[in-house]
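Colleague: Structure incoming, see below.
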Amino acid sequence: MLLYNSATHKKEEFTTHTPGHVEMYTCGPTVYHFAHIGNLRSYIMEDVLEKFLRWSGYDVNRVMNITDVGHLSSDADTGEDKMLKGARREHKTVMEIAQYYTDAFFADCEKLNIKRPDVVEPATNRIDDYIKIVSGLLDKGYAYVAGGNVYFDTSKLGRYYVFNDHDEEDLAVGVREGVEEDTNKRNKNDFVLWFTKSKFEDQALKWDSPWGVGYPGWHIECSGISLKYNGEYLDLHCGGIDNAFPHHTNEIAQSESYLGHPWCKQWFHVHHLNTNSGKMSKSKGEFLTVSLLEEKGYDPLAYRFFCLQSHYRKGLVFSWENLDNAQGAYNKLIKRIAALKESDGPVDETVAAEFKEKFEQQVGNDLNTSMGVTALYDVLKAKTNDATKLAILNSFDQVLSLSLLEKAAKVREEQAKAQTAQAAGGYTITGEGDPAVDALVLARYEAKKAKNFAEADRIRDELKAQGIEITDVPGGATWKRV
């Protein structure tokens, strides 16, 4: 598999520390509000990546944190804690907010067919681990105490900007625009490992530490949770592109300084979902949720389909018109699959293997999900029997997770109910789920009822020419393709 590595800016052959096994870490949500669909794009693409790795034969251990403390309103250690902000907004405790929005996040994930990671760990569960790491960084000279807080000293690193070699002045302004400078820091890019006095007054959650009562910085939690559940060598770290700096940059700095060896080689970043006015965010009021899509009549899986049609390293523009197009295409795809006959002979394993090999090459080229979607249509057009097509589609959907066969089964079920519904005069038509054929059979019945036998015979001949055989039964007719 070739995968673009944000740390090297090129596609590389995916390798792991232990052959056949992937230690994978995903930055989870800060649970102070609902996730908007822009946030969920990242989780959809990470979900496809995990499922593709499993489909390709890897054993995967995927770990995700839940941020319920320490994430300030600016990613650069400034502003108030987002969890406290949410608690104030809704007049609840921080833990009540955290539980409510954690449940809401995973409910959205379920609607989008996003698999729950193997390990999901709230940040507040691993305080002792963070204290151990911070203490180790202090002992090794990578951290210092100032103003009651513990800071990481970026001047001790040979290279800090792992993902881009930024101009320091431009970067500092961009990150901290309009924010008061933290005078405790020795260097402007230093970051907080543990907060005490300077951010203490309104903090709801706080713990004892060697440096005083306080709480962990946002960045330390991901290092601590990953080291706990992934071990010292991480194969694959995922997140949104906005996490690359400063969050992931700081994770690398503190993790490798603590461990004394390289930590994670492969970095996978998903780009933004934009609206016509720019990046989607909660602060701009463009707060589109899965629940809102449902209220407007959209299937959440149509949004997943919409995301899969684009590459994860390209910005994706959301509009209702674009979602309408995706919903329409998704519905048509399901109907085409529903028209396939399940009992249509044995599966041609040779054909299936050829399609699977091609799918592995296409999607395995930097997780090209748009080619994965195209592969579905290639299967439908293939010169093979329906049983083989259904087997291949089922295999591909283990990666794409669009519920193709389940949705198709529901369409067939609805069509079967419609086929047995009584027409005017109590006439019942039972067939194979083609409304156009049902209409002709009914028209033939109406012609016979009106004693227009010439028209009835003409319709019968027209159906016969289409390969349709009609059998009259008491109270109606049945038809089948022959």
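Identifiers for the structure tokens are assigned positionally: chains receive A, B, ... in sequence, residues are indexed from 1 per chain, and ligands are indexed from 1 in the order shown.
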Need to verify the contact set: Cys222 in chain A, 12 Å, only C-alpha atoms, exclusion of same-chain residues closer than 4 positions in sequence. Can you return it as a compact mmCIF listing (two decimals) with all heavy atoms, in the first residue's frame?

Modeller:
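Result file follows (out.txt):
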```txt
# COMPACT_ATOMS: atom_id res chain seq x y z
N TYR A 25 -3.31 5.31 15.81
CA TYR A 25 -3.87 6.26 16.78
C TYR A 25 -4.65 7.35 16.04
O TYR A 25 -4.19 7.87 15.02
CB TYR A 25 -2.77 6.92 17.61
CG TYR A 25 -3.31 7.78 18.72
CD1 TYR A 25 -3.66 7.23 19.94
CD2 TYR A 25 -3.49 9.15 18.55
CE1 TYR A 25 -4.17 8.01 20.97
CE2 TYR A 25 -4.00 9.95 19.56
CZ TYR A 25 -4.34 9.37 20.77
OH TYR A 25 -4.86 10.15 21.78
N THR A 26 -5.82 7.65 16.57
CA THR A 26 -6.69 8.67 15.98
C THR A 26 -6.98 9.74 17.02
O THR A 26 -7.44 9.41 18.12
CB THR A 26 -8.03 8.05 15.52
OG1 THR A 26 -7.77 7.04 14.56
CG2 THR A 26 -8.94 9.11 14.92
N CYS A 27 -6.74 10.98 16.70
CA CYS A 27 -7.13 12.08 17.58
C CYS A 27 -8.65 12.14 17.66
O CYS A 27 -9.32 12.35 16.65
CB CYS A 27 -6.58 13.40 17.08
SG CYS A 27 -4.86 13.69 17.54
N GLY A 28 -9.18 11.97 18.85
CA GLY A 28 -10.63 11.97 19.03
C GLY A 28 -11.20 13.35 19.24
O GLY A 28 -10.48 14.35 19.23
N PRO A 29 -12.52 13.43 19.47
CA PRO A 29 -13.19 14.74 19.59
C PRO A 29 -12.99 15.38 20.96
O PRO A 29 -12.75 14.68 21.95
CB PRO A 29 -14.66 14.36 19.39
CG PRO A 29 -14.76 12.98 19.97
CD PRO A 29 -13.46 12.30 19.59
N VAL A 63 -6.53 3.12 18.47
CA VAL A 63 -6.76 3.80 19.75
C VAL A 63 -7.24 5.22 19.48
O VAL A 63 -6.74 5.89 18.57
CB VAL A 63 -5.47 3.82 20.59
CG1 VAL A 63 -5.68 4.56 21.91
CG2 VAL A 63 -4.97 2.40 20.84
N MET A 64 -8.22 5.66 20.27
CA MET A 64 -8.73 7.03 20.15
C MET A 64 -8.90 7.64 21.54
O MET A 64 -9.39 6.98 22.46
CB MET A 64 -10.08 7.05 19.42
CG MET A 64 -10.72 8.44 19.34
SD MET A 64 -12.42 8.41 18.69
CE MET A 64 -12.12 8.14 16.96
N ASN A 65 -8.48 8.88 21.69
CA ASN A 65 -8.72 9.61 22.93
C ASN A 65 -10.05 10.34 22.86
O ASN A 65 -10.59 10.61 21.78
CB ASN A 65 -7.61 10.62 23.17
CG ASN A 65 -7.65 11.74 22.15
OD1 ASN A 65 -7.58 11.47 20.95
ND2 ASN A 65 -7.75 12.98 22.60
N ILE A 66 -10.59 10.65 24.01
CA ILE A 66 -11.72 11.58 24.13
C ILE A 66 -11.23 12.75 24.98
O ILE A 66 -10.87 12.57 26.15
CB ILE A 66 -12.94 10.91 24.81
CG1 ILE A 66 -13.46 9.75 23.97
CG2 ILE A 66 -14.05 11.94 25.06
CD1 ILE A 66 -14.10 10.15 22.66
N THR A 67 -11.18 13.93 24.40
CA THR A 67 -10.67 15.09 25.13
C THR A 67 -11.78 15.66 26.00
O THR A 67 -12.74 16.26 25.51
CB THR A 67 -10.16 16.18 24.16
OG1 THR A 67 -9.06 15.65 23.42
CG2 THR A 67 -9.70 17.41 24.92
N VAL A 69 -10.73 17.35 28.98
CA VAL A 69 -10.06 18.34 29.81
C VAL A 69 -8.86 18.87 29.03
O VAL A 69 -8.29 18.16 28.18
CB VAL A 69 -9.57 17.74 31.16
CG1 VAL A 69 -8.46 16.74 30.95
CG2 VAL A 69 -9.15 18.83 32.14
N GLY A 70 -8.49 20.13 29.28
CA GLY A 70 -7.21 20.65 28.82
C GLY A 70 -7.15 21.30 27.46
O GLY A 70 -6.15 21.93 27.12
N HIS A 71 -8.23 21.14 26.62
CA HIS A 71 -8.18 21.74 25.28
C HIS A 71 -8.73 23.16 25.37
O HIS A 71 -9.93 23.37 25.53
CB HIS A 71 -9.02 20.90 24.31
CG HIS A 71 -8.84 21.31 22.88
ND1 HIS A 71 -9.45 20.66 21.83
CD2 HIS A 71 -8.12 22.31 22.30
CE1 HIS A 71 -9.11 21.22 20.69
NE2 HIS A 71 -8.31 22.23 20.96
N VAL A 120 -11.05 3.29 23.35
CA VAL A 120 -11.51 4.68 23.45
C VAL A 120 -11.26 5.11 24.88
O VAL A 120 -11.82 4.54 25.82
CB VAL A 120 -13.00 4.81 23.10
CG1 VAL A 120 -13.46 6.24 23.31
CG2 VAL A 120 -13.27 4.36 21.67
N GLU A 121 -10.41 6.11 25.07
CA GLU A 121 -9.99 6.49 26.42
C GLU A 121 -10.18 7.98 26.66
O GLU A 121 -9.58 8.82 25.98
CB GLU A 121 -8.52 6.13 26.61
CG GLU A 121 -7.99 6.39 28.01
CD GLU A 121 -8.48 5.38 29.03
OE1 GLU A 121 -9.71 5.24 29.21
OE2 GLU A 121 -7.62 4.73 29.67
N PRO A 122 -11.03 8.36 27.65
CA PRO A 122 -11.13 9.77 28.03
C PRO A 122 -9.81 10.26 28.63
O PRO A 122 -9.13 9.50 29.35
CB PRO A 122 -12.24 9.76 29.09
CG PRO A 122 -13.01 8.49 28.85
CD PRO A 122 -11.99 7.50 28.37
N ALA A 123 -9.47 11.49 28.34
CA ALA A 123 -8.20 12.04 28.82
C ALA A 123 -8.11 12.02 30.34
O ALA A 123 -7.02 11.83 30.90
CB ALA A 123 -8.04 13.47 28.30
N THR A 124 -9.24 12.20 31.01
CA THR A 124 -9.23 12.28 32.47
C THR A 124 -8.88 10.94 33.14
O THR A 124 -8.62 10.90 34.35
CB THR A 124 -10.59 12.76 32.99
OG1 THR A 124 -11.64 11.99 32.36
CG2 THR A 124 -10.81 14.23 32.67
N ARG A 126 -6.19 9.11 32.54
CA ARG A 126 -4.77 8.76 32.49
C ARG A 126 -3.88 9.87 33.08
O ARG A 126 -2.76 10.11 32.63
CB ARG A 126 -4.33 8.47 31.05
CG ARG A 126 -5.15 7.38 30.37
CD ARG A 126 -4.37 6.12 30.14
NE ARG A 126 -3.81 5.53 31.33
CZ ARG A 126 -4.41 4.56 32.04
NH1 ARG A 126 -5.60 4.12 31.71
NH2 ARG A 126 -3.79 4.05 33.09
N ILE A 127 -4.37 10.55 34.09
CA ILE A 127 -3.63 11.67 34.69
C ILE A 127 -2.27 11.23 35.21
O ILE A 127 -1.24 11.90 34.99
CB ILE A 127 -4.45 12.31 35.82
CG1 ILE A 127 -5.79 12.86 35.27
CG2 ILE A 127 -3.65 13.43 36.49
CD1 ILE A 127 -5.67 13.92 34.22
N ASP A 129 -0.37 8.91 34.14
CA ASP A 129 0.56 8.69 33.02
C ASP A 129 1.15 10.00 32.53
O ASP A 129 2.34 10.08 32.20
CB ASP A 129 -0.16 8.00 31.86
CG ASP A 129 -0.55 6.56 32.19
OD1 ASP A 129 0.08 5.98 33.08
OD2 ASP A 129 -1.49 6.05 31.57
N TYR A 130 0.31 11.06 32.47
CA TYR A 130 0.82 12.36 32.00
C TYR A 130 1.86 12.89 32.99
O TYR A 130 2.90 13.43 32.58
CB TYR A 130 -0.31 13.38 31.87
CG TYR A 130 -1.53 12.89 31.13
CD1 TYR A 130 -2.79 13.33 31.48
CD2 TYR A 130 -1.41 11.97 30.08
CE1 TYR A 130 -3.92 12.89 30.82
CE2 TYR A 130 -2.55 11.52 29.42
CZ TYR A 130 -3.80 11.97 29.80
OH TYR A 130 -4.92 11.52 29.16
N ILE A 133 5.15 11.21 32.40
CA ILE A 133 5.85 11.71 31.21
C ILE A 133 6.44 13.10 31.46
O ILE A 133 7.60 13.37 31.12
CB ILE A 133 4.89 11.74 30.00
CG1 ILE A 133 4.46 10.31 29.64
CG2 ILE A 133 5.56 12.41 28.80
CD1 ILE A 133 3.34 10.26 28.61
N LEU A 193 2.79 21.69 29.35
CA LEU A 193 2.60 20.27 29.67
C LEU A 193 1.65 20.10 30.84
O LEU A 193 0.89 19.12 30.89
CB LEU A 193 3.95 19.62 29.99
CG LEU A 193 4.99 19.63 28.86
CD1 LEU A 193 6.36 19.24 29.42
CD2 LEU A 193 4.58 18.69 27.75
N PRO A 216 -3.68 18.72 33.00
CA PRO A 216 -2.73 18.55 31.90
C PRO A 216 -3.01 19.47 30.72
O PRO A 216 -4.16 19.88 30.49
CB PRO A 216 -2.94 17.08 31.48
CG PRO A 216 -4.37 16.80 31.84
CD PRO A 216 -4.62 17.59 33.11
N GLY A 217 -1.96 19.76 29.97
CA GLY A 217 -2.15 20.45 28.69
C GLY A 217 -2.78 19.50 27.68
O GLY A 217 -2.77 18.27 27.86
N TRP A 218 -3.33 20.05 26.62
CA TRP A 218 -4.04 19.25 25.62
C TRP A 218 -3.10 18.26 24.93
O TRP A 218 -3.45 17.09 24.73
CB TRP A 218 -4.67 20.19 24.60
CG TRP A 218 -5.34 19.52 23.45
CD1 TRP A 218 -6.08 18.37 23.47
CD2 TRP A 218 -5.33 19.95 22.08
NE1 TRP A 218 -6.55 18.06 22.21
CE2 TRP A 218 -6.10 19.02 21.33
CE3 TRP A 218 -4.77 21.03 21.41
CZ2 TRP A 218 -6.31 19.15 19.96
CZ3 TRP A 218 -4.99 21.17 20.05
CH2 TRP A 218 -5.75 20.24 19.33
N SER A 226 -1.55 7.15 23.77
CA SER A 226 -0.95 6.31 22.75
C SER A 226 0.16 5.43 23.35
O SER A 226 0.24 4.22 23.05
CB SER A 226 -0.37 7.15 21.61
OG SER A 226 0.21 6.32 20.62
N LEU A 227 1.01 5.99 24.19
CA LEU A 227 2.08 5.19 24.80
C LEU A 227 1.49 4.07 25.66
O LEU A 227 2.03 2.97 25.71
CB LEU A 227 2.99 6.08 25.64
CG LEU A 227 3.89 7.05 24.86
CD1 LEU A 227 4.67 7.93 25.83
CD2 LEU A 227 4.84 6.29 23.97
N LYS A 228 0.35 4.34 26.30
CA LYS A 228 -0.29 3.34 27.14
C LYS A 228 -0.84 2.18 26.32
O LYS A 228 -0.65 1.02 26.68
CB LYS A 228 -1.41 4.00 27.94
CG LYS A 228 -2.29 3.05 28.72
CD LYS A 228 -1.54 2.40 29.88
CE LYS A 228 -2.45 1.49 30.69
NZ LYS A 228 -1.72 0.81 31.78
N TYR A 229 -1.52 2.48 25.22
CA TYR A 229 -2.27 1.45 24.51
C TYR A 229 -1.66 1.02 23.17
O TYR A 229 -2.00 -0.04 22.66
CB TYR A 229 -3.71 1.92 24.29
CG TYR A 229 -4.47 2.08 25.58
CD1 TYR A 229 -4.77 3.34 26.08
CD2 TYR A 229 -4.86 0.96 26.32
CE1 TYR A 229 -5.46 3.50 27.27
CE2 TYR A 229 -5.55 1.11 27.52
CZ TYR A 229 -5.84 2.37 28.00
OH TYR A 229 -6.52 2.52 29.18
N ASN A 230 -0.77 1.85 22.60
CA ASN A 230 -0.10 1.47 21.35
C ASN A 230 1.34 1.02 21.58
O ASN A 230 1.94 0.41 20.70
CB ASN A 230 -0.07 2.63 20.36
CG ASN A 230 -1.44 3.03 19.84
OD1 ASN A 230 -1.86 4.18 20.02
ND2 ASN A 230 -2.14 2.12 19.19
N LEU A 234 4.63 3.70 17.37
CA LEU A 234 3.34 3.92 16.72
C LEU A 234 3.53 3.85 15.21
O LEU A 234 4.43 4.49 14.67
CB LEU A 234 2.79 5.28 17.15
CG LEU A 234 1.41 5.68 16.63
CD1 LEU A 234 0.34 4.72 17.10
CD2 LEU A 234 1.08 7.11 17.11
N HIS A 237 -0.45 7.57 12.70
CA HIS A 237 -1.16 8.59 13.48
C HIS A 237 -2.05 9.38 12.54
O HIS A 237 -1.60 9.88 11.51
CB HIS A 237 -0.15 9.51 14.18
CG HIS A 237 -0.74 10.30 15.31
ND1 HIS A 237 -1.89 11.05 15.17
CD2 HIS A 237 -0.33 10.46 16.60
CE1 HIS A 237 -2.16 11.64 16.33
NE2 HIS A 237 -1.24 11.30 17.22
N CYS A 238 -3.33 9.51 12.90
CA CYS A 238 -4.32 10.16 12.02
C CYS A 238 -4.93 11.39 12.70
O CYS A 238 -5.01 11.48 13.92
CB CYS A 238 -5.44 9.19 11.68
SG CYS A 238 -4.90 7.63 10.97
N GLY A 239 -5.44 12.29 11.86
CA GLY A 239 -6.16 13.45 12.36
C GLY A 239 -6.47 14.41 11.24
O GLY A 239 -6.08 14.21 10.08
N ASN A 243 -4.78 19.69 12.82
CA ASN A 243 -4.05 19.17 13.98
C ASN A 243 -2.54 19.12 13.76
O ASN A 243 -1.77 18.95 14.72
CB ASN A 243 -4.53 17.76 14.33
CG ASN A 243 -5.92 17.71 14.93
OD1 ASN A 243 -6.65 16.76 14.72
ND2 ASN A 243 -6.30 18.74 15.66
N HIS A 247 -0.68 20.81 17.35
CA HIS A 247 -0.95 19.63 18.18
C HIS A 247 -0.04 18.45 17.87
O HIS A 247 0.65 17.94 18.75
CB HIS A 247 -2.43 19.23 18.03
CG HIS A 247 -2.85 18.10 18.92
ND1 HIS A 247 -2.52 18.05 20.25
CD2 HIS A 247 -3.56 16.98 18.66
CE1 HIS A 247 -3.03 16.95 20.78
NE2 HIS A 247 -3.66 16.28 19.84
N HIS A 248 -0.01 18.01 16.61
CA HIS A 248 0.81 16.84 16.29
C HIS A 248 2.30 17.16 16.36
O HIS A 248 3.11 16.31 16.72
CB HIS A 248 0.43 16.31 14.90
CG HIS A 248 -0.93 15.69 14.87
ND1 HIS A 248 -1.61 15.43 13.70
CD2 HIS A 248 -1.75 15.29 15.87
CE1 HIS A 248 -2.78 14.90 13.99
NE2 HIS A 248 -2.89 14.81 15.30
N THR A 249 2.65 18.38 16.01
CA THR A 249 4.05 18.81 16.13
C THR A 249 4.51 18.68 17.58
O THR A 249 5.62 18.20 17.86
CB THR A 249 4.19 20.27 15.66
OG1 THR A 249 3.70 20.37 14.32
CG2 THR A 249 5.63 20.74 15.71
N ASN A 250 3.64 19.10 18.50
CA ASN A 250 3.98 19.03 19.93
C ASN A 250 3.98 17.60 20.44
O ASN A 250 4.79 17.24 21.31
CB ASN A 250 3.02 19.90 20.73
CG ASN A 250 3.22 21.38 20.45
OD1 ASN A 250 4.20 21.77 19.82
ND2 ASN A 250 2.28 22.20 20.90
N GLU A 251 3.08 16.78 19.93
CA GLU A 251 3.08 15.36 20.31
C GLU A 251 4.42 14.72 19.98
O GLU A 251 4.98 13.95 20.78
CB GLU A 251 1.98 14.61 19.57
CG GLU A 251 0.58 14.77 20.12
CD GLU A 251 -0.38 13.85 19.39
OE1 GLU A 251 -0.13 12.63 19.39
OE2 GLU A 251 -1.36 14.34 18.81
N ILE A 252 4.91 14.97 18.78
CA ILE A 252 6.19 14.38 18.36
C ILE A 252 7.32 14.88 19.26
O ILE A 252 8.15 14.10 19.72
CB ILE A 252 6.48 14.73 16.89
CG1 ILE A 252 5.47 14.05 15.97
CG2 ILE A 252 7.90 14.31 16.50
CD1 ILE A 252 5.51 14.53 14.53
N GLN A 254 7.33 16.01 22.38
CA GLN A 254 7.35 15.49 23.75
C GLN A 254 7.53 13.97 23.78
O GLN A 254 8.24 13.44 24.65
CB GLN A 254 6.07 15.90 24.49
CG GLN A 254 4.81 15.32 23.92
CD GLN A 254 3.56 16.09 24.31
OE1 GLN A 254 3.63 17.18 24.89
NE2 GLN A 254 2.40 15.53 23.98
N SER A 255 6.92 13.26 22.81
CA SER A 255 7.00 11.79 22.81
C SER A 255 8.42 11.32 22.53
O SER A 255 8.95 10.45 23.24
CB SER A 255 6.04 11.20 21.77
OG SER A 255 4.71 11.51 22.08
```

Colleague: What's the 10 Å shell around Thr15 in chain A, counting only C-alpha atoms, without same-chain residues fewer than 3 positions away, as a list in words?

Modeller: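 Those residues are Met1, Leu2, Leu3, Glu12, Thr18, Pro19, Gly20, His21, Val22, Asp235, Leu236, Lys265 and Gln266 of chain A.
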
Colleague: Could you pull out the strand (DSSP E) residues of range 88-139 of chain A, going by DSSP on the backbone, and write them as a PyMOL selection string?

Modeller: chain A and resi 119-122

Colleague: So what do you get for CA of Lys140 in chain A versus CA of Ser257 in chain A, distance-wise?

Modeller: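 Going from CA of Lys140 in chain A over to CA of Ser257 in chain A, I get 8.2 Å.
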
Colleague: Ranking A:Ser395, A:Thr478, A:Ser155, A:Thr275 by minimum distance to Lys188 in chain A and counting only C-alpha atoms, which one comes first?

Modeller: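 Going through A:Ser395, A:Thr478, A:Ser155, A:Thr275 one by one, the smallest distance to Lys188 in chain A is for A:Ser155.
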
Colleague: Show me, as a PyMOL selection string, the residues that have an atom within 10 Å of Phe396 in chain A when counting only C-alpha atoms, minus same-chain residues fewer than 4 positions from it.

Modeller: chain A and resi 52+55+355-356+359-360+372-373+375-376+390-392+400-402+404
